[in-house]
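The structure file structure24.cif is reproduced below (mmCIF, C-alpha atoms).
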data_my_file
loop_
_atom_site.group_PDB
_atom_site.id
_atom_site.type_symbol
_atom_site.label_atom_id
_atom_site.label_comp_id
_atom_site.auth_asym_id
_atom_site.auth_seq_id
_atom_site.Cartn_x
_atom_site.Cartn_y
_atom_site.Cartn_z
ATOM 1 C CA MET U 1 -9.148 8.056 15.928
ATOM 2 C CA PRO U 2 -12.062 10.437 15.404
ATOM 3 C CA HIS U 3 -10.348 11.480 12.152
ATOM 4 C CA LEU U 4 -10.190 7.879 10.922
ATOM 5 C CA ASN U 5 -13.793 7.239 12.009
ATOM 6 C CA GLU U 6 -14.784 10.235 9.898
ATOM 7 C CA LEU U 7 -12.811 8.961 6.908
ATOM 8 C CA HIS U 8 -14.419 5.527 7.341
ATOM 9 C CA GLU U 9 -17.920 7.030 7.303
ATOM 10 C CA LYS U 10 -17.211 9.394 4.438
ATOM 11 C CA PHE U 11 -15.153 7.266 2.058
ATOM 12 C CA GLY U 12 -16.116 3.670 2.993
ATOM 13 C CA PRO U 13 -19.108 3.614 0.638
ATOM 14 C CA ARG U 14 -16.912 5.054 -2.095
ATOM 15 C CA GLY U 15 -14.236 2.361 -1.966
ATOM 16 C CA LEU U 16 -11.973 3.022 1.050
ATOM 17 C CA SER U 17 -11.277 0.400 3.713
ATOM 18 C CA ILE U 18 -9.349 1.294 6.857
ATOM 19 C CA ILE U 19 -7.413 -1.282 8.877
ATOM 20 C CA SER U 20 -5.628 -0.306 12.068
ATOM 21 C CA VAL U 21 -2.755 -2.636 12.758
ATOM 22 C CA THR U 22 -0.884 -3.129 16.017
ATOM 23 C CA SER U 23 1.834 -5.404 17.324
ATOM 24 C CA GLU U 24 0.596 -4.973 20.903
ATOM 25 C CA GLY U 25 -1.458 -7.524 22.867
ATOM 26 C CA ALA U 26 -5.147 -8.236 22.234
ATOM 27 C CA GLY U 27 -6.462 -7.511 25.740
ATOM 28 C CA PRO U 28 -5.473 -3.846 26.124
ATOM 29 C CA THR U 29 -5.947 -3.208 22.396
ATOM 30 C CA GLU U 30 -9.557 -4.412 22.410
ATOM 31 C CA LYS U 31 -10.299 -2.393 25.528
ATOM 32 C CA TRP U 32 -8.832 0.676 23.820
ATOM 33 C CA VAL U 33 -10.778 0.030 20.597
ATOM 34 C CA ALA U 34 -14.040 -0.182 22.573
ATOM 35 C CA GLU U 35 -13.299 2.898 24.684
ATOM 36 C CA ASN U 36 -12.426 4.959 21.618
ATOM 37 C CA GLU U 37 -15.427 3.701 19.643
ATOM 38 C CA VAL U 38 -13.294 2.687 16.692
ATOM 39 C CA LYS U 39 -15.665 1.889 13.833
ATOM 40 C CA TYR U 40 -13.276 0.472 11.232
ATOM 41 C CA ALA U 41 -11.339 -2.795 11.015
ATOM 42 C CA TYR U 42 -8.325 -3.647 13.144
ATOM 43 C CA ALA U 43 -5.860 -6.518 13.188
ATOM 44 C CA TYR U 44 -2.621 -7.769 14.725
ATOM 45 C CA ASP U 45 0.813 -7.667 13.136
ATOM 46 C CA LYS U 46 2.622 -10.380 15.102
ATOM 47 C CA GLY U 47 6.146 -9.340 15.977
ATOM 48 C CA GLY U 48 5.721 -6.107 14.012
ATOM 49 C CA LYS U 49 6.739 -7.827 10.735
ATOM 50 C CA LEU U 50 4.613 -5.654 8.456
ATOM 51 C CA MET U 51 5.638 -2.509 10.316
ATOM 52 C CA ARG U 52 9.319 -3.341 9.816
ATOM 53 C CA ASP U 53 8.760 -4.250 6.177
ATOM 54 C CA MET U 54 7.125 -0.867 5.602
ATOM 55 C CA GLY U 55 10.071 0.924 7.223
ATOM 56 C CA VAL U 56 7.923 2.359 10.007
ATOM 57 C CA THR U 57 10.132 3.818 12.714
ATOM 58 C CA GLY U 58 7.553 5.813 14.652
ATOM 59 C CA ILE U 59 3.834 5.528 15.301
ATOM 60 C CA PRO U 60 1.202 6.445 14.431
ATOM 61 C CA ASN U 61 2.085 5.991 10.789
ATOM 62 C CA ALA U 62 -0.076 5.012 7.851
ATOM 63 C CA ILE U 63 0.118 3.790 4.284
ATOM 64 C CA LEU U 64 -2.437 4.316 1.541
ATOM 65 C CA ILE U 65 -2.723 1.560 -1.033
ATOM 66 C CA ASN U 66 -4.530 2.089 -4.326
ATOM 67 C CA PRO U 67 -6.850 -0.536 -5.866
ATOM 68 C CA ALA U 68 -3.910 -1.899 -7.880
ATOM 69 C CA GLY U 69 -2.101 -2.715 -4.608
ATOM 70 C CA LYS U 70 0.489 0.050 -4.923
ATOM 71 C CA ILE U 71 1.508 2.109 -1.895
ATOM 72 C CA VAL U 72 0.812 5.660 -2.998
ATOM 73 C CA TRP U 73 1.358 7.543 0.262
ATOM 74 C CA GLN U 74 2.973 7.072 3.656
ATOM 75 C CA GLY U 75 3.051 9.392 6.631
ATOM 76 C CA GLY U 76 1.344 10.450 9.833
ATOM 77 C CA PRO U 77 -2.425 9.784 9.651
ATOM 78 C CA GLY U 78 -3.102 13.448 10.486
ATOM 79 C CA GLY U 79 -1.432 14.431 7.218
ATOM 80 C CA LEU U 80 -3.848 12.424 5.132
ATOM 81 C CA THR U 81 -6.162 14.798 3.291
ATOM 82 C CA ASP U 82 -9.540 14.189 1.681
ATOM 83 C CA ASP U 83 -8.084 15.287 -1.664
ATOM 84 C CA LEU U 84 -5.365 12.654 -1.472
ATOM 85 C CA ILE U 85 -7.903 9.916 -0.759
ATOM 86 C CA GLU U 86 -10.227 11.162 -3.536
ATOM 87 C CA GLU U 87 -7.309 10.980 -5.952
ATOM 88 C CA HIS U 88 -6.834 7.269 -5.275
ATOM 89 C CA LEU U 89 -10.432 6.067 -5.131
ATOM 90 C CA ALA U 90 -10.768 5.814 -8.907
ATOM 91 C CA GLY U 91 -11.566 2.280 -10.024
ATOM 92 C CA SER U 92 -11.983 0.895 -6.495
ATOM 93 C CA LEU U 93 -14.806 -1.509 -5.637
ATOM 94 C CA LYS U 94 -17.576 0.487 -3.982
ATOM 95 C CA THR U 95 -18.894 -2.675 -2.346
ATOM 96 C CA PRO U 96 -16.234 -4.916 -0.740
ATOM 97 C CA VAL U 97 -16.364 -8.579 -1.785
ATOM 98 C CA TRP U 98 -17.597 -9.771 1.642
ATOM 99 C CA GLU U 99 -20.758 -7.721 1.184
ATOM 100 C CA TRP U 100 -21.586 -9.255 -2.183
ATOM 101 C CA PRO U 101 -24.669 -11.485 -2.316
ATOM 102 C CA LYS U 102 -24.287 -15.271 -2.066
ATOM 103 C CA GLU U 103 -24.953 -15.667 -5.794
ATOM 104 C CA ALA U 104 -21.622 -13.967 -6.462
ATOM 105 C CA SER U 105 -19.591 -16.316 -4.236
ATOM 106 C CA SER U 106 -17.753 -17.931 -7.179
ATOM 107 C CA VAL U 107 -16.792 -14.471 -8.464
ATOM 108 C CA ARG U 108 -15.557 -13.568 -4.991
ATOM 109 C CA THR U 109 -13.464 -16.750 -4.777
ATOM 110 C CA ALA U 110 -11.827 -16.126 -8.164
ATOM 111 C CA LEU U 111 -11.169 -12.481 -7.347
ATOM 112 C CA VAL U 112 -9.587 -13.198 -3.973
ATOM 113 C CA LYS U 113 -7.285 -15.660 -5.775
ATOM 114 C CA ARG U 114 -6.510 -12.810 -8.211
ATOM 115 C CA GLN U 115 -7.918 -14.768 -11.174
ATOM 116 C CA PHE U 116 -9.383 -11.721 -12.868
ATOM 117 C CA LYS U 117 -10.493 -13.306 -16.142
ATOM 118 C CA LYS U 118 -12.307 -16.092 -14.325
ATOM 119 C CA ALA U 119 -13.923 -13.545 -11.997
ATOM 120 C CA ILE U 120 -15.150 -11.423 -14.916
ATOM 121 C CA ASP U 121 -16.419 -14.496 -16.811
ATOM 122 C CA GLU U 122 -18.269 -15.754 -13.725
ATOM 123 C CA ALA U 123 -19.707 -12.277 -13.146
ATOM 124 C CA ALA U 124 -21.129 -12.304 -16.685
ATOM 125 C CA GLU U 125 -23.310 -15.261 -15.647
ATOM 126 C CA LEU U 126 -24.937 -13.345 -12.783
ATOM 127 C CA THR U 127 -28.498 -12.324 -13.515
ATOM 128 C CA GLY U 128 -29.941 -11.110 -10.200
ATOM 129 C CA GLN U 129 -30.676 -7.464 -9.523
ATOM 130 C CA GLU U 130 -28.447 -7.466 -6.441
ATOM 131 C CA THR U 131 -25.450 -8.612 -8.458
ATOM 132 C CA GLY U 132 -25.903 -6.044 -11.213
ATOM 133 C CA GLY U 133 -22.829 -3.954 -11.745
ATOM 134 C CA ILE U 134 -20.300 -6.470 -10.387
ATOM 135 C CA GLN U 135 -18.932 -7.339 -13.820
ATOM 136 C CA GLU U 136 -18.661 -3.658 -14.777
ATOM 137 C CA SER U 137 -16.848 -2.853 -11.536
ATOM 138 C CA LEU U 138 -14.365 -5.692 -12.139
ATOM 139 C CA ILE U 139 -13.706 -4.516 -15.682
ATOM 140 C CA ALA U 140 -13.135 -0.990 -14.353
ATOM 141 C CA LEU U 141 -10.769 -2.385 -11.702
ATOM 142 C CA VAL U 142 -8.708 -4.282 -14.275
ATOM 143 C CA GLU U 143 -8.654 -1.319 -16.654
ATOM 144 C CA GLY U 144 -7.525 0.903 -13.772
ATOM 145 C CA ARG U 145 -4.594 -1.429 -13.086
ATOM 146 C CA ALA U 146 -3.553 -1.376 -16.753
ATOM 147 C CA LYS U 147 -3.865 2.406 -16.815
ATOM 148 C CA ALA U 148 -1.710 2.766 -13.687
ATOM 149 C CA LEU U 149 0.886 0.448 -15.226
ATOM 150 C CA SER U 150 0.984 2.475 -18.453
ATOM 151 C CA ALA U 151 1.302 5.678 -16.403
ATOM 152 C CA ASP U 152 4.306 4.232 -14.503
ATOM 153 C CA TYR U 153 5.927 3.236 -17.783
ATOM 154 C CA GLU U 154 5.222 6.535 -19.555
ATOM 155 C CA SER U 155 6.571 8.519 -16.595
ATOM 156 C CA GLY U 156 9.841 6.586 -16.773
ATOM 157 C CA ASP U 157 9.252 4.752 -13.473
ATOM 158 C CA PHE U 158 10.514 1.572 -15.096
ATOM 159 C CA LEU U 159 11.122 -0.390 -11.895
ATOM 160 C CA SER U 160 7.540 0.026 -10.663
ATOM 161 C CA ALA U 161 6.269 -0.667 -14.180
ATOM 162 C CA ALA U 162 8.342 -3.841 -14.483
ATOM 163 C CA GLU U 163 7.158 -5.159 -11.092
ATOM 164 C CA SER U 164 3.558 -4.279 -11.815
ATOM 165 C CA ALA U 165 3.653 -5.701 -15.354
ATOM 166 C CA LYS U 166 4.857 -9.049 -14.045
ATOM 167 C CA THR U 167 1.967 -9.278 -11.580
ATOM 168 C CA ILE U 168 -0.697 -8.008 -13.990
ATOM 169 C CA ALA U 169 0.453 -10.322 -16.802
ATOM 170 C CA GLN U 170 -0.076 -13.243 -14.436
ATOM 171 C CA GLU U 171 -3.281 -12.127 -12.721
ATOM 172 C CA CYS U 172 -5.001 -10.722 -15.815
ATOM 173 C CA ALA U 173 -3.943 -13.377 -18.321
ATOM 174 C CA GLY U 174 -6.487 -13.634 -21.158
ATOM 175 C CA LEU U 175 -7.656 -10.032 -20.718
ATOM 176 C CA PRO U 176 -6.532 -6.896 -22.618
ATOM 177 C CA ALA U 177 -4.827 -5.687 -19.409
ATOM 178 C CA GLY U 178 -2.728 -8.867 -19.397
ATOM 179 C CA ASP U 179 -1.683 -8.184 -22.999
ATOM 180 C CA THR U 180 -0.772 -4.579 -22.123
ATOM 181 C CA ALA U 181 1.352 -5.870 -19.233
ATOM 182 C CA LYS U 182 3.172 -8.370 -21.456
ATOM 183 C CA GLU U 183 3.828 -5.692 -24.045
ATOM 184 C CA ILE U 184 5.255 -3.291 -21.448
ATOM 185 C CA SER U 185 7.404 -6.052 -19.950
ATOM 186 C CA LYS U 186 8.796 -6.778 -23.400
ATOM 187 C CA LYS U 187 9.512 -3.112 -24.105
ATOM 188 C CA ILE U 188 11.349 -2.700 -20.794
ATOM 189 C CA SER U 189 13.448 -5.830 -21.206
ATOM 190 C CA SER U 190 14.583 -4.744 -24.676
ATOM 191 C CA ASP U 191 15.371 -1.139 -23.673
ATOM 192 C CA SER U 192 18.915 -0.713 -22.399
ATOM 193 C CA GLU U 193 18.244 2.780 -21.011
ATOM 194 C CA ALA U 194 15.205 1.501 -19.066
ATOM 195 C CA LYS U 195 17.355 -1.269 -17.624
ATOM 196 C CA ARG U 196 20.041 1.251 -16.624
ATOM 197 C CA VAL U 197 17.433 3.458 -14.880
ATOM 198 C CA MET U 198 16.025 0.418 -13.085
ATOM 199 C CA LYS U 199 19.458 -0.335 -11.645
ATOM 200 C CA GLY U 200 19.582 3.199 -10.259
ATOM 201 C CA GLN U 201 16.052 2.920 -8.838
ATOM 202 C CA ALA U 202 16.928 -0.411 -7.234
ATOM 203 C CA ALA U 203 19.995 1.162 -5.597
ATOM 204 C CA VAL U 204 17.865 4.005 -4.182
ATOM 205 C CA ARG U 205 15.172 1.632 -2.917
ATOM 206 C CA LYS U 206 17.809 -0.533 -1.263
ATOM 207 C CA LEU U 207 18.997 2.522 0.645
ATOM 208 C CA LYS U 208 15.363 3.265 1.546
ATOM 209 C CA GLN U 209 15.105 -0.076 3.285
ATOM 210 C CA GLU U 210 18.250 0.393 5.342
ATOM 211 C CA GLU U 211 17.780 1.095 9.008
ATOM 212 C CA LEU U 212 19.740 4.315 9.401
ATOM 213 C CA LYS U 213 19.998 5.501 12.971
ATOM 214 C CA ARG U 214 23.273 7.332 13.579
ATOM 215 C CA PRO U 215 23.840 10.764 11.973
ATOM 216 C CA LYS U 216 27.010 9.442 10.342
ATOM 217 C CA GLU U 217 25.064 6.634 8.642
ATOM 218 C CA ILE U 218 22.491 9.129 7.415
ATOM 219 C CA GLU U 219 25.178 11.459 6.076
ATOM 220 C CA GLU U 220 26.830 8.599 4.211
ATOM 221 C CA ALA U 221 23.483 7.580 2.715
ATOM 222 C CA ILE U 222 22.835 11.158 1.578
ATOM 223 C CA ALA U 223 26.266 11.243 -0.102
ATOM 224 C CA LYS U 224 25.469 7.999 -1.944
ATOM 225 C CA LEU U 225 22.101 9.406 -3.023
ATOM 226 C CA GLU U 226 23.694 12.596 -4.330
ATOM 227 C CA LYS U 227 26.072 10.481 -6.373
ATOM 228 C CA LEU U 228 23.171 8.421 -7.740
ATOM 229 C CA SER U 229 21.258 11.595 -8.544
ATOM 230 C CA ARG U 230 24.161 12.903 -10.633
ATOM 231 C CA LYS U 231 24.709 9.559 -12.362
ATOM 232 C CA PHE U 232 21.037 9.161 -13.299
ATOM 233 C CA GLU U 233 20.243 12.830 -13.884
ATOM 234 C CA GLY U 234 16.864 13.469 -15.528
ATOM 235 C CA THR U 235 15.476 9.998 -14.750
ATOM 236 C CA ALA U 236 13.106 8.475 -12.191
ATOM 237 C CA ALA U 237 16.160 7.147 -10.331
ATOM 238 C CA ALA U 238 17.425 10.700 -9.781
ATOM 239 C CA THR U 239 13.951 11.880 -8.720
ATOM 240 C CA GLU U 240 13.730 9.072 -6.151
ATOM 241 C CA ALA U 241 17.289 9.718 -4.964
ATOM 242 C CA ASP U 242 16.596 13.447 -4.501
ATOM 243 C CA ALA U 243 13.361 12.761 -2.605
ATOM 244 C CA LEU U 244 15.007 10.299 -0.246
ATOM 245 C CA ALA U 245 18.028 12.563 0.281
ATOM 246 C CA ALA U 246 15.665 15.405 1.238
ATOM 247 C CA GLN U 247 13.842 13.158 3.725
ATOM 248 C CA LEU U 248 17.101 12.050 5.301
ATOM 249 C CA ALA U 249 18.418 15.615 5.447
ATOM 250 C CA SER U 250 15.233 16.579 7.261
ATOM 251 C CA ARG U 251 15.888 13.828 9.817
ATOM 252 C CA LEU U 252 19.369 15.232 10.410
ATOM 253 C CA GLU U 253 17.928 18.697 11.009
ATOM 254 C CA HIS U 254 15.619 17.297 13.670
ATOM 255 C CA MET E 255 12.021 -4.473 27.510
ATOM 256 C CA LYS E 256 8.660 -4.058 25.802
ATOM 257 C CA LEU E 257 8.192 -0.705 27.490
ATOM 258 C CA VAL E 258 11.650 0.424 26.407
ATOM 259 C CA GLY E 259 10.942 -0.629 22.804
ATOM 260 C CA SER E 260 7.613 1.160 22.795
ATOM 261 C CA THR E 261 9.122 4.296 24.298
ATOM 262 C CA LEU E 262 11.901 4.345 21.737
ATOM 263 C CA LEU E 263 9.344 3.959 18.963
ATOM 264 C CA LEU E 264 7.356 6.892 20.305
ATOM 265 C CA LEU E 265 10.495 8.981 20.705
ATOM 266 C CA GLY E 266 11.378 8.121 17.128
ATOM 267 C CA ALA E 267 8.003 9.465 16.047
ATOM 268 C CA LEU E 268 8.503 12.682 17.967
ATOM 269 C CA ALA E 269 12.115 13.175 16.923
ATOM 270 C CA ALA E 270 11.743 12.888 13.190
ATOM 271 C CA PRO E 271 9.052 13.203 10.581
ATOM 272 C CA ALA E 272 7.930 9.809 9.312
ATOM 273 C CA ALA E 273 9.864 8.971 6.184
ATOM 274 C CA SER E 274 7.946 7.686 3.174
ATOM 275 C CA GLN E 275 9.844 4.428 3.083
ATOM 276 C CA SER E 276 7.370 2.408 1.085
ATOM 277 C CA GLU E 277 5.789 4.673 -1.492
ATOM 278 C CA GLY E 278 5.897 3.175 -4.966
ATOM 279 C CA ARG E 279 6.064 -0.410 -3.700
ATOM 280 C CA TYR E 280 3.324 -2.986 -4.122
ATOM 281 C CA LEU E 281 1.884 -4.564 -1.002
ATOM 282 C CA VAL E 282 1.284 -8.263 -1.474
ATOM 283 C CA ASP E 283 -1.243 -9.742 0.949
ATOM 284 C CA PRO E 284 0.428 -9.295 4.356
ATOM 285 C CA ASP E 285 -0.261 -11.762 7.175
ATOM 286 C CA LEU E 286 -2.635 -10.095 9.598
ATOM 287 C CA ASP E 287 -4.060 -11.932 12.592
ATOM 288 C CA GLY E 288 -7.438 -11.433 14.194
ATOM 289 C CA LEU E 289 -9.039 -9.181 11.592
ATOM 290 C CA SER E 290 -11.993 -7.670 13.455
ATOM 291 C CA GLN E 291 -14.883 -5.322 12.738
ATOM 292 C CA THR E 292 -14.964 -6.373 9.083
ATOM 293 C CA GLY E 293 -16.551 -9.140 7.053
ATOM 294 C CA ALA E 294 -13.139 -9.979 5.580
ATOM 295 C CA ASP E 295 -11.352 -13.088 6.863
ATOM 296 C CA LYS E 296 -7.973 -12.152 5.410
ATOM 297 C CA TYR E 297 -6.244 -9.210 3.766
ATOM 298 C CA ALA E 298 -6.650 -10.712 0.271
ATOM 299 C CA GLU E 299 -10.375 -9.999 0.530
ATOM 300 C CA PHE E 300 -9.695 -6.277 0.415
ATOM 301 C CA VAL E 301 -8.916 -6.814 -3.277
ATOM 302 C CA GLY E 302 -10.013 -3.891 -5.413
ATOM 303 C CA ARG E 303 -10.459 -1.526 -2.468
ATOM 304 C CA THR E 304 -8.362 1.511 -1.705
ATOM 305 C CA VAL E 305 -6.881 0.583 1.678
ATOM 306 C CA LEU E 306 -5.554 2.753 4.465
ATOM 307 C CA ILE E 307 -3.421 0.795 6.924
ATOM 308 C CA GLU E 308 -2.706 2.637 10.132
ATOM 309 C CA PHE E 309 0.025 1.412 12.473
ATOM 310 C CA PHE E 310 -0.945 2.186 16.047
ATOM 311 C CA ALA E 311 -0.574 1.194 19.687
ATOM 312 C CA TYR E 312 -3.129 1.500 22.469
ATOM 313 C CA TRP E 313 -0.784 3.424 24.770
#

Show me, as structure tokens, the structure contained in the file I just sent.
Amino acid sequence: MPHLNELHEKFGPRGLSIISVTSEGAGPTEKWVAENEVKYAYAYDKGGKLMRDMGVTGIPNAILINPAGKIVWQGGPGGLTDDLIEEHLAGSLKTPVWEWPKEASSVRTALVKRQFKKAIDEAAELTGQETGGIQESLIALVEGRAKALSADYESGDFLSAAESAKTIAQECAGLPAGDTAKEISKKISSDSEAKRVMKGQAAVRKLKQEELKRPKEIEEAIAKLEKLSRKFEGTAAATEADALAAQLASRLEH
Amino acid sequence: MKLVGSTLLLLGALAAPAASQSEGRYLVDPDLDGLSQTGADKYAEFVGRTVLIEFFAYW
């Protein structure tokens, strides 16, 4: 906890929000939060739904999400370095929407609904000194999302690019980022090799979500991943398969 | 039962390094109850922020 308090103090003003999530009861959790002087946000994950969805099998565990909403890191909180956080702060809102002045409430509403064009248009109408910079920060946020999408596509991570393009095309309709997303979607859907790689990536990610407990199950998964790696050699699917196989092999060793 | 589940979870953490199960995925506004110590009412209000979600237990 002291580590996360430090991160909260250091990176909060630069765009990082920390939320500790538990599936335990409120009474003992709140007592613990007070005793440990936790300074950042916390919340309850009823029934551990989010934890299961994120494939968390042991705690503490953490995920880092970039301003585009993509999970860019997962692991033990102690393994989270300042450099890693720095790397993913680019384009994030320095001031969270709940700290914006009242005059910007319509911008906040549009943004929370992920209506980026409306939010930027509304921000252009703001004239107060306190609201200065909101429009620029929203434009930077949208541009950052488009840049991340292009990077996924250029790196051959077609599955992430396709998922992201769909969301950005919808949320950033009427903005250049929305056009970029549509263009990338079109390129992917007309590229047979991209579609082949996506099938391989989907197969790897399906294996990622499987709850593998027994050594035999893990060994079988590794064999499947090795097969996928050979079949999709030189592509993002093979890279993902190799990474997951290495993680599973490490579990077997332990 | 709860204690057994919690113990198993902890043992899981000690027995194996945490696998990066979710990297590369997009997180779409999860349902979180009782958000505290923040001005946000729901996860969607963290829009545009870099977010670190830590899974923890008080024990």

(request) Name the residues captured by the PyMOL selection byres ((chain E and resi 275-289) around 8) when it is applied to the shown file; answer as a ChimeraX atom specification. (result) /U:41-46,50,54-56,65,69-74,160,164,208-209 /E:273-274,290-292,294-298

Print the selection's residues with C-alpha atoms to a file, as a PDB file, in the coordinates of the input.
ATOM      1  CA  ALA U  41     -11.339  -2.795  11.015  1.00  0.00           C
ATOM      2  CA  TYR U  42      -8.325  -3.647  13.144  1.00  0.00           C
ATOM      3  CA  ALA U  43      -5.860  -6.518  13.188  1.00  0.00           C
ATOM      4  CA  TYR U  44      -2.621  -7.769  14.725  1.00  0.00           C
ATOM      5  CA  ASP U  45       0.813  -7.667  13.136  1.00  0.00           C
ATOM      6  CA  LYS U  46       2.622 -10.380  15.102  1.00  0.00           C
ATOM      7  CA  LEU U  50       4.613  -5.654   8.456  1.00  0.00           C
ATOM      8  CA  MET U  54       7.125  -0.867   5.602  1.00  0.00           C
ATOM      9  CA  GLY U  55      10.071   0.924   7.223  1.00  0.00           C
ATOM     10  CA  VAL U  56       7.923   2.359  10.007  1.00  0.00           C
ATOM     11  CA  ILE U  65      -2.723   1.560  -1.033  1.00  0.00           C
ATOM     12  CA  GLY U  69      -2.101  -2.715  -4.608  1.00  0.00           C
ATOM     13  CA  LYS U  70       0.489   0.050  -4.923  1.00  0.00           C
ATOM     14  CA  ILE U  71       1.508   2.109  -1.895  1.00  0.00           C
ATOM     15  CA  VAL U  72       0.812   5.660  -2.998  1.00  0.00           C
ATOM     16  CA  TRP U  73       1.358   7.543   0.262  1.00  0.00           C
ATOM     17  CA  GLN U  74       2.973   7.072   3.656  1.00  0.00           C
ATOM     18  CA  SER U 160       7.540   0.026 -10.663  1.00  0.00           C
ATOM     19  CA  SER U 164       3.558  -4.279 -11.815  1.00  0.00           C
ATOM     20  CA  LYS U 208      15.363   3.265   1.546  1.00  0.00           C
ATOM     21  CA  GLN U 209      15.105  -0.076   3.285  1.00  0.00           C
TER      22      GLN U 209
ATOM     23  CA  ALA E 273       9.864   8.971   6.184  1.00  0.00           C
ATOM     24  CA  SER E 274       7.946   7.686   3.174  1.00  0.00           C
ATOM     25  CA  SER E 290     -11.993  -7.670  13.455  1.00  0.00           C
ATOM     26  CA  GLN E 291     -14.883  -5.322  12.738  1.00  0.00           C
ATOM     27  CA  THR E 292     -14.964  -6.373   9.083  1.00  0.00           C
ATOM     28  CA  ALA E 294     -13.139  -9.979   5.580  1.00  0.00           C
ATOM     29  CA  ASP E 295     -11.352 -13.088   6.863  1.00  0.00           C
ATOM     30  CA  LYS E 296      -7.973 -12.152   5.410  1.00  0.00           C
ATOM     31  CA  TYR E 297      -6.244  -9.210   3.766  1.00  0.00           C
ATOM     32  CA  ALA E 298      -6.650 -10.712   0.271  1.00  0.00           C
TER      33      ALA E 298
END

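Separating CA of Gly178 in chain U from CA of Gln135 in chain U is a distance of 17.2 Å.
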
For range 35-109 of chain U versus range 137-150 of chain U, which residues have an atom no more than 8 Å away, and what is each residue's nearest atom pair and distance in Å rounded to one decimal, using all atoms listed in the file, chain-then-number order, as CSV?
residue,atom,partner,partner_atom,distance
U:Pro67,CA,U:Leu141,CA,7.3
U:Ala68,CA,U:Arg145,CA,5.3
U:Ala90,CA,U:Gly144,CA,7.6
U:Gly91,CA,U:Leu141,CA,5.0
U:Ser92,CA,U:Leu141,CA,6.3
U:Leu93,CA,U:Ser137,CA,6.4

Output file for the selection above: C-alpha atoms, as a compact mmCIF listing (two decimals), in the coordinates of the input:
# COMPACT_ATOMS: atom_id res chain seq x y z
CA PRO U 67 -6.85 -0.54 -5.87
CA ALA U 68 -3.91 -1.90 -7.88
CA ALA U 90 -10.77 5.81 -8.91
CA GLY U 91 -11.57 2.28 -10.02
CA SER U 92 -11.98 0.90 -6.50
CA LEU U 93 -14.81 -1.51 -5.64

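Candidate residues U:Ala246, U:Ala104, U:Val112, U:Ile222 were compared for distance to chain E, and the nearest is U:Val112, using only C-alpha atoms.
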
(message) Going by the chain IDs and residue numbers used in this file, which residues fall under the PyMOL selection byres ((chain U and resi 188) around 10)? Write them as a count of residues only.
(response) 20

Once 8 Å is added on each side, what centre and edge lengths in Å to one decimal does the axis-aligned box around all listed atoms of range 290-295 of chain E have, as AutoDock Vina command-line options?
--center_x -14.0 --center_y -9.2 --center_z 9.5 --size_x 21.2 --size_y 23.8 --size_z 23.9

(request) Can you work out which one of U:Arg230, U:Arg214, U:His254, U:Arg52 has the shortest atom-to-atom distance to chain E, counting all atoms listed in the file? (result) U:His254

(request) Mind listing whatever residues come within 6 Å of the point (-6.7, -6.0, -2.3)? Use only C-alpha atoms, file coordinates, and give them as a VMD selection string. (result) chain E and resid 298 300 to 303

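Across the model, the gap from CA of Ser106 in chain U to CA of Thr127 in chain U is 13.7 Å.
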
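Nearest to Lys113 in chain U of all the residues U:Glu171, U:Ala241, U:Leu84, U:Met51 is U:Glu171, counting only C-alpha atoms.
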
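The space between CA of Leu89 in chain U and CA of Lys49 in chain U spans 27.2 Å.
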
(message) Selection in question (the file shown): the PyMOL selection byres ((chain U and resi 4) around 9). Which residues does it include, as a VMD selection string?
(response) chain U and resid 1 to 3 5 to 9 18 38 to 40 77

Hey, can you spit out that residue selection with C-alpha atoms as a compact mmCIF listing (two decimals), in the coordinates of the input?
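result19.txt was written with the following content:
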# COMPACT_ATOMS: atom_id res chain seq x y z
CA MET U 1 -9.15 8.06 15.93
CA PRO U 2 -12.06 10.44 15.40
CA HIS U 3 -10.35 11.48 12.15
CA ASN U 5 -13.79 7.24 12.01
CA GLU U 6 -14.78 10.24 9.90
CA LEU U 7 -12.81 8.96 6.91
CA HIS U 8 -14.42 5.53 7.34
CA GLU U 9 -17.92 7.03 7.30
CA ILE U 18 -9.35 1.29 6.86
CA VAL U 38 -13.29 2.69 16.69
CA LYS U 39 -15.66 1.89 13.83
CA TYR U 40 -13.28 0.47 11.23
CA PRO U 77 -2.42 9.78 9.65

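Shortest atom-to-atom contact with chain E among U:Glu233, U:Asp82, U:Leu225, U:Leu248: U:Leu248, counting only C-alpha atoms.
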
List as a compact mmCIF listing (two decimals) with C-alpha atoms, in the coordinates of the input the protein and nucleic acid residues near Glu86 in chain U, meaning an atom at most 12 Å away when only C-alpha atoms are counted, but skip any in the same chain fewer than 6 places from it.
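part16.txt, written as the output of this step:
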# COMPACT_ATOMS: atom_id res chain seq x y z
CA LEU U 7 -12.81 8.96 6.91
CA LYS U 10 -17.21 9.39 4.44
CA PHE U 11 -15.15 7.27 2.06
CA GLY U 12 -16.12 3.67 2.99
CA ARG U 14 -16.91 5.05 -2.10
CA GLY U 15 -14.24 2.36 -1.97
CA LEU U 16 -11.97 3.02 1.05
CA LEU U 64 -2.44 4.32 1.54
CA ASN U 66 -4.53 2.09 -4.33
CA LEU U 80 -3.85 12.42 5.13
CA SER U 92 -11.98 0.90 -6.50
CA THR E 304 -8.36 1.51 -1.70

(message) List the spatial neighbours of Lys117 in chain U as a VMD selection string - criterion: any atom at most 8 Å away, all atoms listed in the file, same-chain residues fewer than 5 positions off excluded.
(response) chain U and resid 172 to 175

Can you spit out the residues from that selection as a PDB file, in the coordinates of the input, using C-alpha atoms?
ATOM      1  CA  CYS U 172      -5.001 -10.722 -15.815  1.00  0.00           C
ATOM      2  CA  ALA U 173      -3.943 -13.377 -18.321  1.00  0.00           C
ATOM      3  CA  GLY U 174      -6.487 -13.634 -21.158  1.00  0.00           C
ATOM      4  CA  LEU U 175      -7.656 -10.032 -20.718  1.00  0.00           C
TER       5      LEU U 175
END
